[in-house]
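S.K.: Dropping in coords.csv, which is CSV, C-alpha atoms:
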chain,number,residue,atom,x,y,z
B,1,LYS,CA,-4.0,6.1,19.2
B,2,GLY,CA,-7.2,4.3,20.1
B,3,HIS,CA,-6.7,1.1,18.2
B,4,GLN,CA,-7.6,-2.0,20.3
B,5,TYR,CA,-6.2,-4.6,18.0
B,6,TRP,CA,-4.0,-5.1,14.9
B,7,VAL,CA,-3.8,-2.2,12.4
B,8,ARG,CA,-4.1,-4.0,9.1
B,9,ALA,CA,-4.0,-1.2,6.6
B,10,ILE,CA,-3.3,2.6,6.5
B,11,GLU,CA,-3.9,5.1,3.7
B,12,TRP,CA,-3.6,8.8,3.2
B,13,SER,CA,-6.4,10.8,1.6
B,14,PRO,CA,-5.4,12.1,-1.8
B,15,ASP,CA,-5.2,15.7,-0.5
B,16,GLY,CA,-2.9,14.6,2.4
B,17,GLU,CA,-5.3,16.1,5.0
B,18,SER,CA,-6.3,12.9,6.7
B,19,ILE,CA,-5.2,9.3,7.4
B,20,ALA,CA,-7.5,6.2,7.5
B,21,THR,CA,-6.8,3.0,9.3
B,22,ALA,CA,-8.4,-0.4,9.0
B,23,CYS,CA,-8.3,-2.3,12.3
B,24,ALA,CA,-9.0,-5.8,13.5
B,25,ASP,CA,-11.0,-4.2,16.4
B,26,LYS,CA,-13.8,-3.8,13.7
B,27,ASN,CA,-13.4,0.0,13.4
B,28,LEU,CA,-12.5,2.3,10.5
B,29,ARG,CA,-10.8,5.4,11.9
B,30,VAL,CA,-9.9,8.6,10.2
B,31,PHE,CA,-7.3,11.0,11.8
B,32,SER,CA,-6.0,14.4,11.0
B,33,ALA,CA,-2.8,14.3,8.9
B,34,ASP,CA,-0.5,14.6,11.9
B,35,GLY,CA,-2.4,11.8,13.7
B,36,SER,CA,-3.2,14.0,16.7
B,37,LYS,CA,-7.0,14.0,16.3
B,38,GLU,CA,-9.5,11.3,15.5
B,39,LEU,CA,-11.9,12.9,13.1
B,40,PHE,CA,-14.4,10.0,13.1
B,41,LYS,CA,-14.8,6.3,13.6
B,42,VAL,CA,-17.1,3.8,11.9
B,43,GLY,CA,-17.9,0.4,13.4
B,44,HIS,CA,-18.1,-2.7,11.3
B,45,PRO,CA,-19.6,-6.2,12.0
B,46,ASP,CA,-16.1,-7.8,11.8
B,47,TRP,CA,-12.4,-7.2,11.3
B,48,ILE,CA,-11.5,-4.7,8.6
B,49,TRP,CA,-8.7,-5.8,6.4
B,50,SER,CA,-8.2,-3.0,3.9
B,51,VAL,CA,-9.1,0.7,3.3
B,52,ALA,CA,-8.9,2.9,0.2
B,53,PHE,CA,-9.6,6.5,-0.8
B,54,SER,CA,-11.0,7.9,-4.1
B,55,TYR,CA,-11.6,11.6,-4.7
B,56,THR,CA,-13.4,13.1,-7.7
B,57,SER,CA,-14.9,16.5,-8.3
B,58,LYS,CA,-18.3,15.2,-7.3
B,59,ARG,CA,-17.6,12.8,-4.4
B,60,LYS,CA,-14.9,11.9,-1.9
B,61,ARG,CA,-15.1,8.2,-1.1
B,62,LEU,CA,-13.5,5.9,1.4
B,63,ALA,CA,-14.0,2.1,1.0
B,64,THR,CA,-13.4,-0.7,3.5
B,65,ALA,CA,-12.9,-4.5,3.1
B,66,CYS,CA,-14.3,-6.7,5.8
B,67,LEU,CA,-14.0,-10.2,7.2
B,68,ASP,CA,-17.8,-10.6,6.6
B,69,GLY,CA,-17.1,-10.6,2.8
B,70,LYS,CA,-18.6,-7.1,2.1
B,71,ILE,CA,-17.2,-3.9,0.8
B,72,ARG,CA,-18.5,-0.7,2.2
B,73,VAL,CA,-18.2,2.7,0.6
B,74,HIS,CA,-18.3,5.7,2.9
B,75,ASP,CA,-18.3,9.5,2.6
B,76,ALA,CA,-14.7,10.3,3.2
B,77,ALA,CA,-15.6,13.5,5.1
B,78,THR,CA,-18.2,12.2,7.5
B,79,GLY,CA,-18.0,8.4,7.5
B,80,ARG,CA,-21.6,8.1,6.4
B,81,GLU,CA,-22.1,4.8,4.5
B,82,LEU,CA,-23.0,5.4,0.9
B,83,MET,CA,-23.1,1.8,-0.4
B,84,GLU,CA,-22.7,-1.8,0.8
B,85,ILE,CA,-21.3,-4.1,-1.9
B,86,LYS,CA,-22.0,-7.8,-1.7
B,87,GLY,CA,-20.8,-10.7,-3.9
B,88,HIS,CA,-17.8,-12.2,-2.2
B,89,THR,CA,-18.5,-15.3,-0.1
B,90,SER,CA,-15.5,-15.0,2.2
B,91,THR,CA,-13.1,-12.4,3.7
B,92,VAL,CA,-12.3,-9.5,1.4
B,93,ASN,CA,-8.5,-9.1,1.9
B,94,THR,CA,-7.7,-6.1,-0.2
B,95,ILE,CA,-9.5,-3.3,-2.1
B,96,VAL,CA,-8.1,-0.7,-4.4
B,97,PHE,CA,-9.7,2.0,-6.6
B,98,SER,CA,-8.7,2.3,-10.2
B,99,PRO,CA,-6.7,5.5,-11.0
B,100,ASP,CA,-9.6,6.6,-13.3
B,101,THR,CA,-11.9,6.2,-10.2
B,102,ASN,CA,-14.4,4.0,-12.1
B,103,TYR,CA,-13.7,0.6,-10.5
B,104,ILE,CA,-12.9,-1.1,-7.2
B,105,LEU,CA,-10.8,-4.2,-7.5
B,106,SER,CA,-11.2,-6.6,-4.6
B,107,ALA,CA,-9.3,-9.7,-3.6
B,108,SER,CA,-10.9,-12.4,-1.5
B,109,TYR,CA,-10.4,-15.7,0.3
B,110,ASP,CA,-13.3,-17.0,-1.9
B,111,LYS,CA,-10.6,-17.5,-4.6
B,112,THR,CA,-11.9,-14.6,-6.7
B,113,ALA,CA,-11.1,-11.0,-7.4
B,114,ARG,CA,-13.9,-8.7,-8.6
B,115,LEU,CA,-14.0,-5.6,-10.6
B,116,VAL,CA,-16.9,-3.5,-9.2
B,117,SER,CA,-18.5,-0.4,-10.6
B,118,VAL,CA,-17.9,2.5,-8.2
B,119,GLU,CA,-21.2,4.2,-9.3
B,120,THR,CA,-23.5,1.2,-9.1
B,121,GLY,CA,-21.7,-1.4,-6.9
B,122,LYS,CA,-22.4,-4.0,-9.6
B,123,THR,CA,-19.7,-6.6,-10.3
B,124,MET,CA,-18.5,-6.0,-13.8
B,125,LYS,CA,-15.9,-8.8,-14.0
B,126,THR,CA,-15.1,-11.8,-11.8
B,127,ILE,CA,-11.5,-13.0,-11.9
B,128,ASP,CA,-11.7,-16.6,-10.9
B,129,SER,CA,-8.5,-18.1,-12.5
B,130,HIS,CA,-6.4,-18.3,-9.4
B,131,GLY,CA,-8.0,-21.4,-7.9
B,132,SER,CA,-6.7,-20.4,-4.5
B,133,PRO,CA,-7.4,-17.5,-2.1
B,134,VAL,CA,-6.5,-14.1,-3.5
B,135,LEU,CA,-4.7,-11.8,-1.1
B,136,SER,CA,-3.5,-8.8,-3.0
B,137,ALA,CA,-4.5,-6.5,-5.8
B,138,ALA,CA,-3.4,-3.4,-7.8
B,139,PHE,CA,-4.3,-1.5,-11.0
B,140,SER,CA,-2.0,-0.4,-13.7
B,141,SER,CA,-1.6,3.4,-13.9
B,142,ASP,CA,-3.9,3.6,-16.9
B,143,SER,CA,-6.6,1.5,-15.2
B,144,MET,CA,-6.6,-1.0,-18.1
B,145,THR,CA,-4.9,-3.9,-16.3
B,146,ALA,CA,-5.6,-5.6,-13.0
B,147,PHE,CA,-2.8,-7.4,-11.0
B,148,THR,CA,-3.8,-9.9,-8.4
B,149,GLY,CA,-1.7,-12.1,-6.1
B,150,SER,CA,-2.6,-15.5,-4.5
B,151,ILE,CA,-1.9,-17.4,-1.3
B,152,LEU,CA,0.1,-19.9,-3.5
B,153,GLY,CA,2.5,-17.2,-4.8
B,154,GLU,CA,0.9,-16.7,-8.2
B,155,VAL,CA,0.5,-13.2,-9.8
B,156,LEU,CA,-2.2,-13.0,-12.5
B,157,VAL,CA,-2.4,-10.1,-15.0
B,158,THR,CA,-5.9,-9.5,-16.3
B,159,GLY,CA,-7.3,-7.1,-18.9
B,160,VAL,CA,-9.9,-4.9,-17.3
B,161,GLN,CA,-12.1,-4.4,-20.4
B,162,GLN,CA,-12.2,-8.0,-21.7
B,163,GLY,CA,-11.4,-9.9,-18.6
B,164,ASN,CA,-8.8,-11.9,-20.5
B,165,VAL,CA,-5.7,-13.4,-18.7
B,166,ILE,CA,-2.7,-11.6,-20.1
B,167,GLN,CA,-0.1,-13.4,-18.0
B,168,ARG,CA,0.2,-15.9,-15.2
B,169,LEU,CA,3.4,-16.3,-13.3
B,170,GLN,CA,4.7,-18.0,-10.2
B,171,ALA,CA,6.1,-14.9,-8.5
B,172,HIS,CA,6.8,-16.0,-5.0
B,173,LYS,CA,7.5,-19.2,-2.9
B,174,GLY,CA,4.6,-18.5,-0.7
B,175,ALA,CA,1.7,-16.0,-0.4
B,176,VAL,CA,1.8,-12.8,-2.4
B,177,LEU,CA,0.9,-10.4,0.5
B,178,SER,CA,1.0,-7.0,-1.2
B,179,LEU,CA,1.2,-5.5,-4.7
B,180,ALA,CA,2.0,-1.9,-5.7
B,181,VAL,CA,2.4,-0.1,-9.1
B,182,ALA,CA,4.7,2.9,-9.4
B,183,PRO,CA,3.1,6.2,-10.4
B,184,SER,CA,4.8,6.0,-13.8
B,185,GLY,CA,3.2,2.7,-14.4
B,186,ALA,CA,6.5,1.2,-15.5
B,187,LEU,CA,7.2,-0.8,-12.4
B,188,MET,CA,5.3,-3.1,-10.1
B,189,ALA,CA,6.4,-4.5,-6.7
B,190,SER,CA,5.2,-7.7,-5.1
B,191,ALA,CA,5.8,-8.5,-1.4
B,192,GLY,CA,5.9,-12.1,-0.2
B,193,GLU,CA,5.7,-14.5,2.6
B,194,ASP,CA,9.0,-15.8,1.3
B,195,LYS,CA,10.8,-12.7,2.7
B,196,VAL,CA,11.4,-10.9,-0.5
B,197,VAL,CA,10.1,-8.0,-2.6
B,198,HIS,CA,10.3,-8.5,-6.3
B,199,VAL,CA,10.3,-5.5,-8.6
B,200,TRP,CA,8.9,-6.1,-12.1
B,201,GLY,CA,9.1,-4.1,-15.3
B,202,VAL,CA,5.6,-3.5,-16.8
B,203,SER,CA,5.3,-3.6,-20.6
B,204,ALA,CA,2.7,-1.7,-22.6
B,205,ASN,CA,0.3,-4.6,-22.6
B,206,GLY,CA,0.8,-5.3,-18.9
B,207,ASN,CA,3.2,-8.2,-19.1
B,208,LEU,CA,5.7,-8.4,-16.2
B,209,LYS,CA,9.4,-9.1,-16.3
B,210,LYS,CA,11.4,-9.3,-13.0
B,211,ILE,CA,14.2,-6.8,-12.8
B,212,HIS,CA,15.3,-6.8,-9.1
B,213,THR,CA,14.8,-8.6,-5.8
B,214,ILE,CA,15.1,-7.1,-2.3
B,215,LYS,CA,15.6,-9.6,0.5
B,216,HIS,CA,14.2,-9.1,4.0
B,217,ALA,CA,14.6,-10.8,7.4
B,218,ASP,CA,11.0,-11.9,7.6
B,219,GLN,CA,7.8,-12.0,5.5
B,220,VAL,CA,7.0,-8.7,3.8
B,221,ASN,CA,3.4,-7.7,4.5
B,222,GLY,CA,3.2,-4.4,2.7
B,223,VAL,CA,4.8,-2.5,-0.2
B,224,THR,CA,4.2,0.9,-1.7
B,225,PHE,CA,5.8,3.6,-3.9
B,226,SER,CA,6.2,7.2,-3.0
B,227,PRO,CA,4.0,9.7,-4.9
B,228,ASP,CA,6.8,10.8,-7.1
B,229,GLY,CA,8.1,7.2,-7.6
B,230,THR,CA,11.5,8.0,-6.1
B,231,PHE,CA,11.2,5.6,-3.1
B,232,LEU,CA,9.9,2.1,-2.4
B,233,GLY,CA,8.6,1.4,1.2
B,234,THR,CA,8.1,-2.0,2.8
B,235,ALA,CA,6.5,-3.3,6.0
B,236,CYS,CA,8.0,-6.5,7.5
B,237,SER,CA,7.1,-9.0,10.1
B,238,ASP,CA,10.4,-8.2,11.9
B,239,SER,CA,8.6,-5.0,13.1
B,240,THR,CA,10.6,-2.7,10.8
B,241,CYS,CA,9.7,-0.6,7.8
B,242,ARG,CA,12.3,0.1,5.2
B,243,VAL,CA,12.8,2.7,2.5
B,244,TYR,CA,14.7,2.0,-0.7
B,245,GLN,CA,15.8,4.2,-3.6
B,246,VAL,CA,13.9,3.2,-6.8
B,247,ALA,CA,16.2,2.1,-9.6
B,248,GLY,CA,20.0,2.0,-9.7
B,249,ASP,CA,21.2,-0.3,-6.9
B,250,TRP,CA,17.9,0.0,-5.0
B,251,GLU,CA,19.9,1.3,-2.1
B,252,GLU,CA,18.4,1.0,1.4
B,253,MET,CA,17.9,4.6,2.5
B,254,ALA,CA,16.4,4.1,5.9
B,255,ILE,CA,15.2,1.6,8.4
B,256,VAL,CA,12.2,2.8,10.3
B,257,LYS,CA,12.1,1.3,13.8
B,258,GLY,CA,9.5,2.0,16.5
B,259,HIS,CA,6.9,-0.8,16.3
B,260,ILE,CA,7.2,-3.7,18.7
B,261,ASP,CA,5.2,-6.3,16.6
B,262,GLU,CA,4.8,-7.1,13.0
B,263,ALA,CA,4.6,-4.1,10.6
B,264,ASN,CA,1.7,-4.7,8.3
B,265,THR,CA,1.3,-1.6,6.1
B,266,VAL,CA,3.1,1.5,4.8
B,267,ALA,CA,1.9,4.6,2.9
B,268,PHE,CA,3.8,7.7,1.7
B,269,MET,CA,2.6,11.2,1.3
B,270,SER,CA,4.3,14.3,0.0
B,271,LYS,CA,3.3,17.6,1.6
B,272,GLY,CA,5.2,20.5,0.2
B,273,SER,CA,8.8,19.8,0.8
B,274,ARG,CA,8.1,17.1,3.4
B,275,LEU,CA,8.0,13.4,2.7
B,276,LEU,CA,5.9,11.5,5.3
B,277,LEU,CA,5.4,7.8,5.9
B,278,ALA,CA,2.5,6.3,7.7
B,279,THR,CA,2.9,2.8,9.2
B,280,GLY,CA,0.6,0.3,10.9
B,281,SER,CA,1.4,-2.7,13.1
B,282,ASP,CA,0.1,-5.7,15.1
B,283,ASP,CA,1.2,-3.7,18.1
B,284,LYS,CA,-2.1,-1.8,17.8
B,285,ASN,CA,-0.4,1.4,16.7
B,286,ALA,CA,-0.3,3.6,13.6
B,287,LYS,CA,2.6,6.0,13.3
B,288,VAL,CA,3.5,8.9,11.1
B,289,TRP,CA,7.2,9.5,10.3
B,290,ASP,CA,8.9,12.5,8.8
B,291,LEU,CA,11.2,11.1,6.1
B,292,SER,CA,12.2,14.5,4.7
B,293,PRO,CA,15.9,13.9,5.7
B,294,VAL,CA,15.9,10.8,3.6
B,295,SER,CA,14.6,12.8,0.6
B,296,VAL,CA,17.1,15.5,1.2
B,297,ALA,CA,20.0,13.1,1.5
B,298,LEU,CA,19.1,11.6,-1.9
B,299,LYS,CA,19.0,15.0,-3.5
B,300,VAL,CA,22.4,15.8,-2.0
B,301,ALA,CA,23.8,12.5,-3.3
B,302,GLN,CA,22.3,13.1,-6.8
B,303,LYS,CA,23.8,16.7,-6.8
B,304,ARG,CA,27.2,15.4,-5.8
B,305,GLU,CA,27.0,12.7,-8.5
B,306,GLN,CA,26.1,15.3,-11.1
B,307,SER,CA,29.0,17.4,-9.9
B,308,GLY,CA,31.4,14.5,-10.2
B,309,VAL,CA,31.8,14.2,-6.4
B,310,THR,CA,32.0,10.5,-5.2
B,311,GLN,CA,29.6,9.5,-2.5
B,312,THR,CA,31.7,7.4,-0.2
B,313,LYS,CA,29.2,7.0,2.6
B,314,GLY,CA,25.5,6.1,2.4
B,315,PRO,CA,23.0,8.7,3.5
B,316,GLY,CA,22.3,6.9,6.7
B,317,VAL,CA,19.9,4.5,8.4
B,318,GLY,CA,17.1,4.9,10.8
B,319,LYS,CA,17.3,4.7,14.6
B,320,SER,CA,14.8,3.4,17.1
B,321,ASN,CA,11.7,5.7,17.1
B,322,ASP,CA,13.4,8.1,14.7
B,323,VAL,CA,14.8,8.4,11.2
B,324,THR,CA,18.1,10.3,11.0
B,325,VAL,CA,19.9,10.7,7.7
B,326,GLY,CA,23.1,12.3,6.6
B,327,ASP,CA,25.0,15.3,7.8
B,328,PRO,CA,22.8,18.3,8.8
B,329,ALA,CA,25.1,20.6,6.9
B,330,ASP,CA,24.3,18.8,3.7
B,331,MET,CA,20.7,19.7,4.1
B,332,ASP,CA,21.2,23.5,3.8
B,333,GLY,CA,19.9,25.0,0.7
B,334,ILE,CA,18.0,21.9,-0.5
B,335,ASP,CA,14.4,22.4,-1.5
Output the structure of this file as structure tokens.
M.R.:
Amino acid sequence: KGHQYWVRAIEWSPDGESIATACADKNLRVFSADGSKELFKVGHPDWIWSVAFSYTSKRKRLATACLDGKIRVHDAATGRELMEIKGHTSTVNTIVFSPDTNYILSASYDKTARLVSVETGKTMKTIDSHGSPVLSAAFSSDSMTAFTGSILGEVLVTGVQQGNVIQRLQAHKGAVLSLAVAPSGALMASAGEDKVVHVWGVSANGNLKKIHTIKHADQVNGVTFSPDGTFLGTACSDSTCRVYQVAGDWEEMAIVKGHIDEANTVAFMSKGSRLLLATGSDDKNAKVWDLSPVSVALKVAQKREQSGVTQTKGPGVGKSNDVTVGDPADMDGID
């Protein structure tokens, strides 16, 4: 609660103890994991478009991307500003930390993406081959490859060390609004203005090959993988968020309803045996959902399949303001 305008991005801290939101009311907010308590709030000069965490043994960082073209890095525990990074000349749409925590990759309306040193704030590489505003960004799991998506539907694959273009492809018929790489590094998902999510196989050198497409009712604003790579989550302009099983038939496991305006962002977190999903919307709300029943239902289906029992009915779909899955009796004895 407390957001006064669109919730553009939402992220869990790596330890699962807090949630950060980027809001068009010009505030970064950090909440307790259950969303019940606002831990701190940091004002910005303009709308905040993206937020990202990075934890190391020495420092816990929380970065924001702002409409004023700047990236700000904060202490994730207190909100104190550690660094202001300049370089972009227009809105910074997306920021992500590299898995090895050395870089920030930023995507901007100034038609560039930048690889920035986390330690110094210095731009190490500028990716300027799109020729149109860059909206989305992601790193490969080994931090060696940068993926960026443009307003014209292009995805560019760039080597981090050399800055060389590995691949250029026309991925969507419209803007590429979100990119996500699976924890294994073998898959990447792209979400588009054209109402689809494409899933791509990622080769050893970073090249992409389309392996599946998931259609939606409206433009898809956000996409993410669960921490174990079992699920794919999407946020759609029809106000719903959806959860799919990764691989196989990419079965839709749940529809998460509860927002009353465009859903912009989704983020998974595993806490013990619980699977949680955080969502943010233009309805000025961020919500946390317990998707443990979805995870349980998938485990049940997999156990039945291994036992040779045919699954004749899907594990269930979400209901308004809730997610209900499967027969409660099926959930007994499942870790």
S.K.: Looking at all atoms listed in the file, which of B:Ile211, B:Ile48, B:Ala235, B:Leu152 is the one that sits closest to B:Gly174?
M.R.: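 Among the listed residues, the smallest separation from B:Gly174 belongs to B:Leu152.
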S.K.: Looking at B:Ala76, B:Val176, B:Val96, B:Ala24, which one is nearest to B:Gln4, with distances taken over all atoms listed in the file?
M.R.: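 Closest candidate: B:Ala24.
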S.K.: What does the distance from atom CA of B:Pro293 to atom CA of B:Ser270 come to in Å, to one decimal?
M.R.: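 Atom CA of B:Pro293 sits 12.9 Å away from atom CA of B:Ser270.
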S.K.: Write out as a list in words the residues lying within 8 Å of stretch 91-94 of chain B, counting all atoms listed in the file and excluding same-chain residues fewer than 5 positions away.
M.R.: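 Within the cut-off, the hits are Trp49, Ser50, Val51, Ala65, Cys66, Leu67, Asp68, Gly69, Lys70, Ile71, Ser106, Ala107, Ser108, Tyr109, Asp110, Val134, Leu135, Ser136 and Ala137 of chain B.
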S.K.: Please produce a file of those selected residues containing C-alpha atoms, as a PDB file, in the coordinates of the input.
M.R.:
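New file selection.pdb:
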ATOM      1  CA  TRP B  49      -8.700  -5.800   6.400  1.00  0.00           C
ATOM      2  CA  SER B  50      -8.200  -3.000   3.900  1.00  0.00           C
ATOM      3  CA  VAL B  51      -9.100   0.700   3.300  1.00  0.00           C
ATOM      4  CA  ALA B  65     -12.900  -4.500   3.100  1.00  0.00           C
ATOM      5  CA  CYS B  66     -14.300  -6.700   5.800  1.00  0.00           C
ATOM      6  CA  LEU B  67     -14.000 -10.200   7.200  1.00  0.00           C
ATOM      7  CA  ASP B  68     -17.800 -10.600   6.600  1.00  0.00           C
ATOM      8  CA  GLY B  69     -17.100 -10.600   2.800  1.00  0.00           C
ATOM      9  CA  LYS B  70     -18.600  -7.100   2.100  1.00  0.00           C
ATOM     10  CA  ILE B  71     -17.200  -3.900   0.800  1.00  0.00           C
ATOM     11  CA  SER B 106     -11.200  -6.600  -4.600  1.00  0.00           C
ATOM     12  CA  ALA B 107      -9.300  -9.700  -3.600  1.00  0.00           C
ATOM     13  CA  SER B 108     -10.900 -12.400  -1.500  1.00  0.00           C
ATOM     14  CA  TYR B 109     -10.400 -15.700   0.300  1.00  0.00           C
ATOM     15  CA  ASP B 110     -13.300 -17.000  -1.900  1.00  0.00           C
ATOM     16  CA  VAL B 134      -6.500 -14.100  -3.500  1.00  0.00           C
ATOM     17  CA  LEU B 135      -4.700 -11.800  -1.100  1.00  0.00           C
ATOM     18  CA  SER B 136      -3.500  -8.800  -3.000  1.00  0.00           C
ATOM     19  CA  ALA B 137      -4.500  -6.500  -5.800  1.00  0.00           C
TER      20      ALA B 137
END
S.K.: I need the residue nearest B:His172 from this list: B:Ser57, B:Thr213, B:Thr145, B:Ser132. Use only C-alpha atoms for the distance.
M.R.: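 For B:His172, the nearest of the candidates is B:Thr213.
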S.K.: In Å, rounded to a single decimal, give me how far atom CA of B:Ser273 is from atom CA of B:Ser292.
M.R.: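 The value is 7.4 Å.
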S.K.: Please determine, counting all atoms listed in the file, which residue among B:Val118, B:Leu28, B:Gly35, B:Pro99 has the shortest atom-to-atom distance to B:Thr78.
M.R.: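 Comparing B:Val118, B:Leu28, B:Gly35, B:Pro99 against B:Thr78, the winner is B:Leu28.
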S.K.: Using the incomplete input, complete stretch 144-152 of chain B to the level of all heavy atoms; output as an mmCIF file, keeping the file's coordinate frame.
M.R.:
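Output contents, as saved in part14.cif:
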data_model
loop_
_atom_site.group_PDB
_atom_site.id
_atom_site.type_symbol
_atom_site.label_atom_id
_atom_site.label_comp_id
_atom_site.auth_asym_id
_atom_site.auth_seq_id
_atom_site.Cartn_x
_atom_site.Cartn_y
_atom_site.Cartn_z
ATOM 1 N N MET B 144 -6.189 -0.001 -17.076
ATOM 2 C CA MET B 144 -6.600 -1.000 -18.100
ATOM 3 C C MET B 144 -6.199 -2.416 -17.701
ATOM 4 O O MET B 144 -6.650 -3.371 -18.342
ATOM 5 C CB MET B 144 -5.918 -0.642 -19.429
ATOM 6 C CG MET B 144 -6.369 0.692 -20.002
ATOM 7 S SD MET B 144 -8.161 0.787 -20.265
ATOM 8 C CE MET B 144 -8.334 -0.401 -21.586
ATOM 9 N N THR B 145 -5.372 -2.567 -16.654
ATOM 10 C CA THR B 145 -4.900 -3.900 -16.300
ATOM 11 C C THR B 145 -5.024 -4.085 -14.777
ATOM 12 O O THR B 145 -4.760 -3.170 -13.992
ATOM 13 C CB THR B 145 -3.398 -4.050 -16.671
ATOM 14 O OG1 THR B 145 -3.246 -3.718 -18.052
ATOM 15 C CG2 THR B 145 -2.918 -5.474 -16.439
ATOM 16 N N ALA B 146 -5.456 -5.286 -14.392
ATOM 17 C CA ALA B 146 -5.600 -5.600 -13.000
ATOM 18 C C ALA B 146 -4.499 -6.681 -12.645
ATOM 19 O O ALA B 146 -4.311 -7.656 -13.375
ATOM 20 C CB ALA B 146 -6.946 -6.211 -12.684
ATOM 21 N N PHE B 147 -3.805 -6.458 -11.529
ATOM 22 C CA PHE B 147 -2.800 -7.400 -11.000
ATOM 23 C C PHE B 147 -3.345 -7.996 -9.719
ATOM 24 O O PHE B 147 -3.783 -7.250 -8.830
ATOM 25 C CB PHE B 147 -1.475 -6.722 -10.763
ATOM 26 C CG PHE B 147 -0.907 -6.000 -11.950
ATOM 27 C CD1 PHE B 147 -1.061 -4.626 -12.084
ATOM 28 C CD2 PHE B 147 -0.223 -6.686 -12.939
ATOM 29 C CE1 PHE B 147 -0.540 -3.947 -13.177
ATOM 30 C CE2 PHE B 147 0.306 -6.022 -14.044
ATOM 31 C CZ PHE B 147 0.149 -4.651 -14.165
ATOM 32 N N THR B 148 -3.310 -9.303 -9.598
ATOM 33 C CA THR B 148 -3.800 -9.900 -8.400
ATOM 34 C C THR B 148 -2.777 -11.005 -7.932
ATOM 35 O O THR B 148 -2.138 -11.658 -8.765
ATOM 36 C CB THR B 148 -5.163 -10.597 -8.578
ATOM 37 O OG1 THR B 148 -5.147 -11.427 -9.747
ATOM 38 C CG2 THR B 148 -6.239 -9.536 -8.733
ATOM 39 N N GLY B 149 -2.637 -11.181 -6.610
ATOM 40 C CA GLY B 149 -1.700 -12.100 -6.100
ATOM 41 C C GLY B 149 -2.368 -13.132 -5.147
ATOM 42 O O GLY B 149 -3.259 -12.769 -4.365
ATOM 43 N N SER B 150 -1.959 -14.394 -5.219
ATOM 44 C CA SER B 150 -2.600 -15.500 -4.500
ATOM 45 C C SER B 150 -1.838 -15.980 -3.314
ATOM 46 O O SER B 150 -0.651 -15.707 -3.161
ATOM 47 C CB SER B 150 -2.966 -16.615 -5.428
ATOM 48 O OG SER B 150 -1.827 -17.451 -5.603
ATOM 49 N N ILE B 151 -2.488 -16.797 -2.515
ATOM 50 C CA ILE B 151 -1.900 -17.400 -1.300
ATOM 51 C C ILE B 151 -0.813 -18.429 -1.736
ATOM 52 O O ILE B 151 0.062 -18.773 -0.942
ATOM 53 C CB ILE B 151 -2.954 -18.049 -0.447
ATOM 54 C CG1 ILE B 151 -2.446 -18.245 0.982
ATOM 55 C CG2 ILE B 151 -3.462 -19.351 -1.050
ATOM 56 C CD1 ILE B 151 -3.536 -18.634 1.967
ATOM 57 N N LEU B 152 -0.856 -18.884 -2.986
ATOM 58 C CA LEU B 152 0.100 -19.900 -3.500
ATOM 59 C C LEU B 152 1.268 -19.240 -4.248
ATOM 60 O O LEU B 152 2.058 -19.937 -4.887
ATOM 61 C CB LEU B 152 -0.598 -20.908 -4.365
ATOM 62 C CG LEU B 152 -1.654 -21.775 -3.662
ATOM 63 C CD1 LEU B 152 -2.248 -22.780 -4.639
ATOM 64 C CD2 LEU B 152 -1.054 -22.497 -2.457
#
